[in-house]
$ cat data21.txt   # compact mmCIF, C-alpha atoms
# COMPACT_ATOMS: atom_id res chain seq x y z
CA MET O 115 -19.71 -3.68 -7.80
CA HIS O 116 -17.10 -5.66 -5.89
CA LEU O 117 -16.10 -4.36 -2.47
CA VAL O 118 -12.58 -2.93 -2.19
CA SER O 119 -10.86 -2.93 1.22
CA VAL O 120 -8.50 0.02 1.63
CA ILE O 121 -5.67 -0.72 4.08
CA THR O 122 -4.24 2.31 5.92
CA PRO O 123 -1.83 2.10 8.89
CA LEU O 124 -1.65 5.16 11.16
CA TYR O 125 1.27 6.46 13.16
CA ASN O 126 1.69 10.16 14.07
CA CYS O 127 0.15 11.28 10.79
CA SER O 128 -2.44 13.85 11.85
CA ASP O 129 -0.86 16.58 9.69
CA PHE O 130 -1.71 14.67 6.51
CA LEU O 131 -4.44 12.18 7.42
CA GLU O 132 -7.45 14.28 6.52
CA GLN O 133 -6.26 14.77 2.94
CA THR O 134 -5.68 11.03 2.67
CA ILE O 135 -9.17 10.18 3.89
CA GLN O 136 -10.75 12.84 1.69
CA SER O 137 -9.06 11.32 -1.36
CA VAL O 138 -10.86 8.04 -0.62
CA LEU O 139 -14.17 9.76 0.06
CA SER O 140 -13.82 11.49 -3.32
CA GLN O 141 -13.54 8.25 -5.30
CA THR O 142 -15.89 7.86 -8.25
CA TYR O 143 -16.12 4.16 -7.32
CA THR O 144 -18.05 4.08 -4.06
CA ASN O 145 -18.18 0.42 -2.98
CA TRP O 146 -15.19 0.44 -0.62
CA GLU O 147 -14.35 0.10 3.03
CA MET O 148 -11.41 1.94 4.58
CA ILE O 149 -9.76 0.11 7.46
CA MET O 150 -7.40 2.32 9.46
CA VAL O 151 -5.22 0.71 12.13
CA ASP O 152 -3.61 3.06 14.63
CA ASP O 153 -0.20 1.87 15.84
CA CYS O 154 -0.28 3.78 19.17
CA SER O 155 0.12 7.25 17.69
CA LYS O 156 1.30 9.96 20.08
CA ASP O 157 -0.55 12.73 18.26
CA ASN O 158 -4.30 12.93 17.52
CA SER O 159 -4.28 10.64 14.48
CA LEU O 160 -6.66 8.21 16.19
CA GLU O 161 -9.12 10.98 17.02
CA VAL O 162 -9.11 12.27 13.43
CA ALA O 163 -9.78 8.76 12.11
CA GLN O 164 -12.57 8.17 14.64
CA GLN O 165 -14.27 11.44 13.68
CA TYR O 166 -14.46 10.35 10.05
CA ALA O 167 -15.61 6.86 11.04
CA ALA O 168 -18.49 8.41 12.98
CA GLN O 169 -19.60 10.22 9.82
CA ASP O 170 -19.23 7.40 7.27
CA LYS O 171 -19.95 3.73 8.05
CA ARG O 172 -17.55 2.61 5.31
CA ILE O 173 -14.65 3.80 7.49
CA LYS O 174 -13.48 1.48 10.26
CA VAL O 175 -10.84 2.18 12.92
CA ILE O 176 -8.80 -0.32 14.94
CA GLN O 177 -6.34 0.60 17.70
CA LEU O 178 -3.38 -1.67 18.45
CA LYS O 179 -2.56 -2.19 22.12
CA GLU O 180 1.17 -1.63 21.61
CA ASN O 181 3.37 -0.10 18.94
CA SER O 182 4.09 -2.98 16.56
CA GLY O 183 5.09 -1.49 13.20
CA ALA O 184 3.41 -1.01 9.84
CA ALA O 185 3.47 -4.70 8.90
CA VAL O 186 1.40 -5.71 11.93
CA ALA O 187 -0.96 -2.78 11.39
CA ARG O 188 -1.51 -3.64 7.73
CA ASN O 189 -1.91 -7.36 8.43
CA THR O 190 -4.45 -6.60 11.15
CA ALA O 191 -6.50 -4.69 8.58
CA ILE O 192 -6.13 -7.40 5.93
CA LYS O 193 -7.34 -10.02 8.42
CA VAL O 194 -10.65 -8.22 9.05
CA ALA O 195 -11.11 -6.97 5.47
CA SER O 196 -14.33 -8.02 3.76
CA GLY O 197 -13.49 -6.91 0.23
CA ARG O 198 -12.66 -9.09 -2.73
CA PHE O 199 -9.94 -6.60 -3.64
CA ILE O 200 -7.25 -5.38 -1.24
CA ALA O 201 -5.75 -1.94 -1.89
CA PHE O 202 -3.13 0.01 0.06
CA LEU O 203 -2.95 3.69 0.92
CA ASP O 204 -0.55 5.09 3.49
CA SER O 205 -1.67 7.89 5.77
CA ASP O 206 0.31 10.64 4.04
CA ASP O 207 -0.47 9.69 0.43
CA GLN O 208 -3.50 10.43 -1.72
CA TRP O 209 -5.50 8.87 -4.53
CA LEU O 210 -6.78 10.69 -7.58
CA PRO O 211 -10.60 10.56 -7.77
CA HIS O 212 -10.83 7.93 -10.54
CA LYS O 213 -8.16 5.61 -9.06
CA LEU O 214 -10.36 2.73 -7.95
CA GLU O 215 -12.70 2.91 -10.94
CA THR O 216 -9.82 2.87 -13.44
CA GLN O 217 -7.84 0.13 -11.71
CA LEU O 218 -10.80 -2.19 -11.14
CA ALA O 219 -11.86 -1.88 -14.78
CA PHE O 220 -8.29 -2.68 -15.85
CA MET O 221 -8.09 -5.75 -13.62
CA GLN O 222 -11.50 -7.16 -14.39
CA LYS O 223 -11.30 -6.65 -18.15
CA GLN O 224 -8.07 -8.67 -18.34
CA ASN O 225 -8.64 -10.97 -15.34
CA ILE O 226 -5.56 -9.61 -13.57
CA ALA O 227 -4.80 -10.76 -10.01
CA PHE O 228 -2.29 -8.08 -9.02
CA SER O 229 -1.84 -4.59 -10.44
CA TYR O 230 -0.16 -1.25 -9.79
CA ALA O 231 0.00 2.16 -11.46
CA ALA O 232 2.07 5.23 -12.16
CA TYR O 233 1.83 8.04 -9.62
CA GLU O 234 2.90 11.59 -8.93
CA LYS O 235 5.36 12.75 -6.29
CA MET O 236 4.60 15.71 -4.01
CA ASN O 237 6.49 17.41 -1.21
CA GLU O 238 5.24 17.84 2.36
CA GLU O 239 3.46 21.06 1.36
CA GLY O 240 1.53 19.20 -1.35
CA ALA O 241 3.37 20.76 -4.29
CA ALA O 242 4.00 18.52 -7.29
CA ILE O 243 7.56 17.25 -7.80
CA GLY O 244 7.11 15.03 -10.84
CA PRO O 245 5.58 11.80 -12.18
CA VAL O 246 6.85 8.27 -11.60
CA GLY O 247 6.29 5.90 -14.51
CA VAL O 248 5.98 2.13 -14.25
CA PRO O 249 6.70 -0.87 -16.52
CA ASP O 250 3.81 -2.66 -18.23
CA LYS O 251 4.46 -5.79 -16.17
CA VAL O 252 6.92 -7.15 -13.62
CA ALA O 253 7.92 -10.64 -12.47
CA TYR O 254 9.54 -11.81 -9.22
CA ARG O 255 13.09 -11.44 -10.57
CA ASP O 256 12.33 -7.92 -11.82
CA LEU O 257 11.31 -6.75 -8.35
CA LEU O 258 14.51 -8.11 -6.84
CA LYS O 259 16.42 -5.67 -9.05
CA VAL O 260 14.19 -2.63 -8.54
CA CYS O 261 10.85 -2.18 -6.78
CA SER O 262 8.67 -0.44 -9.35
CA ILE O 263 5.41 -0.95 -7.42
CA GLY O 264 4.34 2.03 -5.32
CA CYS O 265 2.41 0.86 -2.25
CA LEU O 266 -0.28 3.52 -2.77
CA THR O 267 -1.19 1.98 -6.15
CA ALA O 268 -0.97 -1.75 -5.38
CA MET O 269 -4.15 -3.83 -5.45
CA TYR O 270 -4.71 -7.60 -5.48
CA ASP O 271 -7.67 -9.92 -5.96
CA THR O 272 -8.33 -12.24 -3.02
CA GLN O 273 -10.61 -14.41 -5.15
CA GLN O 274 -7.61 -15.42 -7.23
CA LEU O 275 -4.87 -15.24 -4.60
CA GLY O 276 -6.53 -15.60 -1.23
CA LYS O 277 -5.47 -13.17 1.47
CA VAL O 278 -1.73 -12.61 1.29
CA TYR O 279 -0.02 -10.94 4.27
CA MET O 280 3.10 -8.85 4.72
CA PRO O 281 6.21 -10.36 6.32
CA LEU O 282 6.65 -9.25 9.92
CA ILE O 283 9.62 -6.95 9.42
CA ARG O 284 9.85 -3.29 10.41
CA LYS O 285 10.81 -1.94 6.98
CA ARG O 286 10.35 -2.99 3.33
CA GLN O 287 7.40 -5.18 4.24
CA ASP O 288 5.47 -3.91 1.22
CA LEU O 289 8.17 -5.21 -1.13
CA GLY O 290 8.07 -8.45 0.83
CA LEU O 291 4.34 -8.76 0.09
CA TRP O 292 4.76 -8.08 -3.63
CA LEU O 293 7.42 -10.80 -3.77
CA ARG O 294 5.13 -13.24 -1.96
CA ILE O 295 2.37 -12.60 -4.48
CA LEU O 296 4.73 -12.97 -7.43
CA LYS O 297 5.68 -16.43 -6.21
CA LYS O 298 2.04 -17.35 -6.83
CA ILE O 299 1.58 -15.75 -10.26
CA PRO O 300 3.94 -14.96 -13.17
CA PHE O 301 3.36 -11.20 -13.44
CA ALA O 302 1.87 -8.06 -11.91
CA TYR O 303 0.56 -5.57 -14.46
CA GLY O 304 0.97 -1.80 -14.53
CA ILE O 305 -1.27 1.11 -15.53
CA GLN O 306 0.61 3.94 -17.22
CA GLU O 307 -1.81 6.65 -16.10
CA PRO O 308 -0.91 8.25 -12.73
CA LEU O 309 -3.56 7.31 -10.17
CA GLY O 310 -2.11 8.62 -6.89
CA ARG O 311 0.06 11.22 -5.21
CA TYR O 312 3.01 10.00 -3.12
CA GLN O 313 4.39 12.29 -0.46
CA VAL O 314 8.17 12.51 -0.26
CA ARG O 315 9.15 13.05 3.38
CA SER O 316 12.62 13.81 4.64
CA ASP O 317 12.28 11.31 7.50
CA SER O 318 11.12 8.36 5.38
CA ILE O 319 13.13 5.18 4.93
CA SER O 320 13.12 5.66 1.15
CA ALA O 321 14.77 9.07 1.55
CA ASN O 322 17.82 7.41 3.12
CA LYS O 323 19.27 5.25 0.34
CA ARG O 324 21.88 3.55 2.53
CA SER O 325 19.35 2.56 5.17
CA ALA O 326 16.87 1.40 2.50
CA ALA O 327 19.55 -0.81 0.96
CA GLN O 328 20.33 -2.37 4.33
CA TYR O 329 16.68 -3.21 5.00
CA THR O 330 16.29 -4.62 1.47
CA TRP O 331 19.36 -6.82 2.03
CA ARG O 332 17.85 -8.24 5.20
CA LEU O 333 14.57 -8.89 3.36
CA TYR O 334 16.40 -10.86 0.65
CA ARG O 335 18.49 -12.86 3.12
CA ASP O 336 16.13 -13.42 6.07
CA VAL O 337 12.69 -13.52 4.42
CA GLU O 338 13.33 -14.55 0.83
CA GLN O 339 16.15 -16.89 1.89
CA LEU O 340 18.30 -15.89 -1.10
CA ASN O 341 21.85 -17.13 -1.05
CA LEU O 342 24.69 -14.63 -0.65
CA ILE O 343 25.42 -14.33 -4.35
CA SER O 344 21.77 -13.92 -5.37
CA ALA O 345 21.13 -11.33 -2.67
$ encode --input "data21.txt" --output "structure tokens"
Amino acid sequence: MHLVSVITPLYNCSDFLEQTIQSVLSQTYTNWEMIMVDDCSKDNSLEVAQQYAAQDKRIKVIQLKENSGAAVARNTAIKVASGRFIAFLDSDDQWLPHKLETQLAFMQKQNIAFSYAAYEKMNEEGAAIGPVGVPDKVAYRDLLKVCSIGCLTAMYDTQQLGKVYMPLIRKRQDLGLWLRILKKIPFAYGIQEPLGRYQVRSDSISANKRSAAQYTWRLYRDVEQLNLISA
């Protein structure tokens, strides 16, 4: 029963946070810790997180002293994480109850260092929009063309990889982390069964394709140091 550290950044997410936490509490695999890092929320996200932490010792809450962005929040959680496995769950997404059990069995059976899974999309009211499938495996060059790894399904093994952190950029830092990992290993492997529910929000970076493309370009040029033609 290896410990899984669940990394959850918080910022003005009180409308959705309880459902997110409940989806972790409902996991059939119970050996986890949930590390929530509040990035100076202006609503009561911190209070909601602290209430759950008071009820379950597996939940830990950290408050940043100044608003620093999701990369800093996630890296702060990774730094203090005690688990062999690092998993990610944003504060408006949800896991299906068998997510951790299924993914851990998949990784351990095949000695996989980095995995991801299919997931379902939902709107802000929680209604299903449709499933998102994933390829069986992806390499570094594949992710440069299209990011097929949903952050809510990503999990890596620190015993094989060590702790790998996100680049300190405001957007697309999750893609930056996947690329860093895939410089260490040939492939990440996908699970075809949906294991989470991703919330599509009108104010998200992924909802604005032009803005998402601009941030991805900067990631390729500034972080990955790709030449102009490759980028």
$ residues_near_point --input "data21.txt" --point "(4.3, -2.5, 8.8)" --cutoff "7 Å" --atoms "only C-alpha atoms" --output "MDAnalysis selection string"
chainID O and resid 183:188 283:285 287
$ write_last_selection --input "data21.txt" --atoms "C-alpha atoms" --output "compact mmCIF listing (two decimals), keeping the file's coordinate frame"
# COMPACT_ATOMS: atom_id res chain seq x y z
CA GLY O 183 5.09 -1.49 13.20
CA ALA O 184 3.41 -1.01 9.84
CA ALA O 185 3.47 -4.70 8.90
CA VAL O 186 1.40 -5.71 11.93
CA ALA O 187 -0.96 -2.78 11.39
CA ARG O 188 -1.51 -3.64 7.73
CA ILE O 283 9.62 -6.95 9.42
CA ARG O 284 9.85 -3.29 10.41
CA LYS O 285 10.81 -1.94 6.98
CA GLN O 287 7.40 -5.18 4.24
$ closest_residue --input "data21.txt" --among "O:Ser344, O:Leu203, O:Tyr125, O:Ala232" --to "O:Val248" --atoms "only C-alpha atoms"
O:Ala232
$ closest_residue --input "data21.txt" --among "O:Leu117, O:Ile299, O:Leu309, O:Met148" --to "O:Tyr254" --atoms "only C-alpha atoms"
O:Ile299
$ residues_near_point --input "data21.txt" --point "(0.7, -9.9, -17.6)" --cutoff "6 Å" --atoms "only C-alpha atoms" --output "ChimeraX atom specification"
/O:251,301,303
$ residues_around --input "data21.txt" --residues "stretch 160-170 of chain O" --least-positions-apart "6" --cutoff "12 Å" --atoms "all atoms listed in the file" --output "MDAnalysis selection string"
chainID O and resid 122:136 138:139 144 146:154 176:178 205
$ atom_distance --input "data21.txt" --atom1 "atom CA of O:Met115" --atom2 "atom CA of O:Ile226"
16.4 Å
$ closest_atom_pairs --input "data21.txt" --of "stretch 182-241 of chain O" --to "stretch 260-271 of chain O" --cutoff "10 Å" --atoms "all atoms listed in the file" --output "tab-separated table"
residue	atom	partner	partner_atom	distance
O:Gly197	CA	O:Asp271	CA	9.0
O:Arg198	CA	O:Asp271	CA	6.0
O:Phe199	CA	O:Asp271	CA	4.6
O:Ile200	CA	O:Tyr270	CA	5.4
O:Ala201	CA	O:Met269	CA	4.3
O:Phe202	CA	O:Leu266	CA	5.3
O:Leu203	CA	O:Leu266	CA	4.6
O:Asp204	CA	O:Leu266	CA	6.5
O:Ser205	CA	O:Leu266	CA	9.7
O:Asp206	CA	O:Leu266	CA	9.9
O:Asp207	CA	O:Leu266	CA	7.0
O:Gln208	CA	O:Leu266	CA	7.7
O:Trp209	CA	O:Leu266	CA	7.7
O:Lys213	CA	O:Thr267	CA	8.4
O:Leu214	CA	O:Met269	CA	9.4
O:Gln217	CA	O:Met269	CA	8.3
O:Leu218	CA	O:Met269	CA	8.9
O:Met221	CA	O:Asp271	CA	8.7
O:Gln222	CA	O:Asp271	CA	9.7
O:Asn225	CA	O:Asp271	CA	9.5
O:Ile226	CA	O:Asp271	CA	7.9
O:Ala227	CA	O:Asp271	CA	5.0
O:Phe228	CA	O:Tyr270	CA	4.3
O:Ser229	CA	O:Met269	CA	5.6
O:Tyr230	CA	O:Ala268	CA	4.5
O:Ala231	CA	O:Thr267	CA	5.4
O:Ala232	CA	O:Thr267	CA	7.6
O:Tyr233	CA	O:Thr267	CA	7.6
$ atom_distance --input "data21.txt" --atom1 "atom CA of O:Tyr334" --atom2 "atom CA of O:Leu275"
22.3 Å
$ atom_distance --input "data21.txt" --atom1 "atom CA of O:Leu291" --atom2 "atom CA of O:Val278"
7.3 Å
$ closest_residue --input "data21.txt" --among "O:Ala327, O:Ile243, O:Leu282, O:Ala302" --to "O:Asp256" --atoms "only C-alpha atoms"
O:Ala302
$ residues_around --input "data21.txt" --residues "O:Gly290" --least-positions-apart "2" --cutoff "8 Å" --atoms "only C-alpha atoms" --output "list in words"
Met280, Pro281, Arg286, Gln287, Asp288, Trp292, Leu293, Arg294, Leu333 and Val337 of chain O
$ axis_aligned_box --input "data21.txt" --around "stretch 150-162 of chain O" --padding-each-side "4 Å" --output "AutoDock Vina command-line options"
--center_x -3.9 --center_y 6.8 --center_z 14.8 --size_x 18.4 --size_y 20.2 --size_z 18.6
$ closest_residue --input "data21.txt" --among "O:Ser155, O:Gln224, O:Thr216, O:Gln306" --to "O:Lys179" --atoms "only C-alpha atoms"
O:Ser155
$ build_atoms --input "data21.txt" --residues "stretch 234-245 of chain O" --atoms "all heavy atoms" --output "PDB file, keeping the file's coordinate frame"
ATOM      1  N   GLU O 234       2.205  10.313  -8.983  1.00  0.00           N
ATOM      2  CA  GLU O 234       2.900  11.590  -8.930  1.00  0.00           C
ATOM      3  C   GLU O 234       3.569  11.751  -7.571  1.00  0.00           C
ATOM      4  O   GLU O 234       3.047  11.275  -6.564  1.00  0.00           O
ATOM      5  CB  GLU O 234       1.912  12.744  -9.152  1.00  0.00           C
ATOM      6  CG  GLU O 234       1.169  12.675 -10.483  1.00  0.00           C
ATOM      7  CD  GLU O 234       0.000  13.648 -10.541  1.00  0.00           C
ATOM      8  OE1 GLU O 234      -0.292  14.288  -9.493  1.00  0.00           O
ATOM      9  OE2 GLU O 234      -0.621  13.756 -11.604  1.00  0.00           O
ATOM     10  N   LYS O 235       4.709  12.413  -7.547  1.00  0.00           N
ATOM     11  CA  LYS O 235       5.360  12.750  -6.290  1.00  0.00           C
ATOM     12  C   LYS O 235       4.980  14.168  -5.863  1.00  0.00           C
ATOM     13  O   LYS O 235       4.820  15.050  -6.704  1.00  0.00           O
ATOM     14  CB  LYS O 235       6.880  12.655  -6.431  1.00  0.00           C
ATOM     15  CG  LYS O 235       7.439  11.245  -6.431  1.00  0.00           C
ATOM     16  CD  LYS O 235       8.969  11.275  -6.444  1.00  0.00           C
ATOM     17  CE  LYS O 235       9.556   9.883  -6.345  1.00  0.00           C
ATOM     18  NZ  LYS O 235      11.045   9.922  -6.305  1.00  0.00           N
ATOM     19  N   MET O 236       4.854  14.366  -4.549  1.00  0.00           N
ATOM     20  CA  MET O 236       4.600  15.710  -4.010  1.00  0.00           C
ATOM     21  C   MET O 236       5.453  15.891  -2.768  1.00  0.00           C
ATOM     22  O   MET O 236       5.852  14.919  -2.124  1.00  0.00           O
ATOM     23  CB  MET O 236       3.117  15.882  -3.672  1.00  0.00           C
ATOM     24  CG  MET O 236       2.595  14.927  -2.611  1.00  0.00           C
ATOM     25  SD  MET O 236       0.837  15.171  -2.243  1.00  0.00           S
ATOM     26  CE  MET O 236       0.533  13.824  -1.084  1.00  0.00           C
ATOM     27  N   ASN O 237       5.735  17.151  -2.426  1.00  0.00           N
ATOM     28  CA  ASN O 237       6.490  17.410  -1.210  1.00  0.00           C
ATOM     29  C   ASN O 237       5.532  17.518  -0.022  1.00  0.00           C
ATOM     30  O   ASN O 237       4.314  17.331  -0.172  1.00  0.00           O
ATOM     31  CB  ASN O 237       7.377  18.653  -1.345  1.00  0.00           C
ATOM     32  CG  ASN O 237       6.565  19.923  -1.596  1.00  0.00           C
ATOM     33  OD1 ASN O 237       5.380  20.006  -1.258  1.00  0.00           O
ATOM     34  ND2 ASN O 237       7.205  20.917  -2.195  1.00  0.00           N
ATOM     35  N   GLU O 238       6.060  17.817   1.151  1.00  0.00           N
ATOM     36  CA  GLU O 238       5.240  17.840   2.360  1.00  0.00           C
ATOM     37  C   GLU O 238       4.237  18.979   2.370  1.00  0.00           C
ATOM     38  O   GLU O 238       3.296  18.971   3.164  1.00  0.00           O
ATOM     39  CB  GLU O 238       6.145  17.909   3.599  1.00  0.00           C
ATOM     40  CG  GLU O 238       6.975  16.647   3.784  1.00  0.00           C
ATOM     41  CD  GLU O 238       7.795  16.648   5.070  1.00  0.00           C
ATOM     42  OE1 GLU O 238       7.252  17.022   6.120  1.00  0.00           O
ATOM     43  OE2 GLU O 238       8.980  16.265   5.023  1.00  0.00           O
ATOM     44  N   GLU O 239       4.416  19.957   1.477  1.00  0.00           N
ATOM     45  CA  GLU O 239       3.460  21.060   1.360  1.00  0.00           C
ATOM     46  C   GLU O 239       2.387  20.750   0.309  1.00  0.00           C
ATOM     47  O   GLU O 239       1.491  21.553   0.077  1.00  0.00           O
ATOM     48  CB  GLU O 239       4.178  22.358   0.986  1.00  0.00           C
ATOM     49  CG  GLU O 239       4.989  22.988   2.117  1.00  0.00           C
ATOM     50  CD  GLU O 239       6.228  22.178   2.479  1.00  0.00           C
ATOM     51  OE1 GLU O 239       6.971  21.788   1.555  1.00  0.00           O
ATOM     52  OE2 GLU O 239       6.440  21.927   3.684  1.00  0.00           O
ATOM     53  N   GLY O 240       2.508  19.596  -0.355  1.00  0.00           N
ATOM     54  CA  GLY O 240       1.530  19.200  -1.350  1.00  0.00           C
ATOM     55  C   GLY O 240       1.831  19.661  -2.761  1.00  0.00           C
ATOM     56  O   GLY O 240       1.042  19.426  -3.681  1.00  0.00           O
ATOM     57  N   ALA O 241       2.998  20.286  -2.963  1.00  0.00           N
ATOM     58  CA  ALA O 241       3.370  20.760  -4.290  1.00  0.00           C
ATOM     59  C   ALA O 241       3.920  19.609  -5.132  1.00  0.00           C
ATOM     60  O   ALA O 241       4.651  18.749  -4.628  1.00  0.00           O
ATOM     61  CB  ALA O 241       4.421  21.860  -4.181  1.00  0.00           C
ATOM     62  N   ALA O 242       3.575  19.587  -6.398  1.00  0.00           N
ATOM     63  CA  ALA O 242       4.000  18.520  -7.290  1.00  0.00           C
ATOM     64  C   ALA O 242       5.501  18.563  -7.529  1.00  0.00           C
ATOM     65  O   ALA O 242       6.090  19.629  -7.689  1.00  0.00           O
ATOM     66  CB  ALA O 242       3.252  18.624  -8.615  1.00  0.00           C
ATOM     67  N   ILE O 243       6.125  17.387  -7.523  1.00  0.00           N
ATOM     68  CA  ILE O 243       7.560  17.250  -7.800  1.00  0.00           C
ATOM     69  C   ILE O 243       7.772  16.659  -9.192  1.00  0.00           C
ATOM     70  O   ILE O 243       8.628  17.097  -9.947  1.00  0.00           O
ATOM     71  CB  ILE O 243       8.238  16.358  -6.745  1.00  0.00           C
ATOM     72  CG1 ILE O 243       8.128  16.994  -5.359  1.00  0.00           C
ATOM     73  CG2 ILE O 243       9.697  16.110  -7.109  1.00  0.00           C
ATOM     74  CD1 ILE O 243       8.683  16.129  -4.243  1.00  0.00           C
ATOM     75  N   GLY O 244       6.972  15.660  -9.537  1.00  0.00           N
ATOM     76  CA  GLY O 244       7.110  15.030 -10.840  1.00  0.00           C
ATOM     77  C   GLY O 244       6.470  13.664 -10.861  1.00  0.00           C
ATOM     78  O   GLY O 244       6.184  13.067  -9.815  1.00  0.00           O
ATOM     79  N   PRO O 245       6.216  13.112 -12.059  1.00  0.00           N
ATOM     80  CA  PRO O 245       5.580  11.800 -12.180  1.00  0.00           C
ATOM     81  C   PRO O 245       6.570  10.657 -12.052  1.00  0.00           C
ATOM     82  O   PRO O 245       7.760  10.812 -12.294  1.00  0.00           O
ATOM     83  CB  PRO O 245       4.985  11.850 -13.593  1.00  0.00           C
ATOM     84  CG  PRO O 245       5.937  12.729 -14.343  1.00  0.00           C
ATOM     85  CD  PRO O 245       6.432  13.761 -13.369  1.00  0.00           C
TER      86      PRO O 245
END
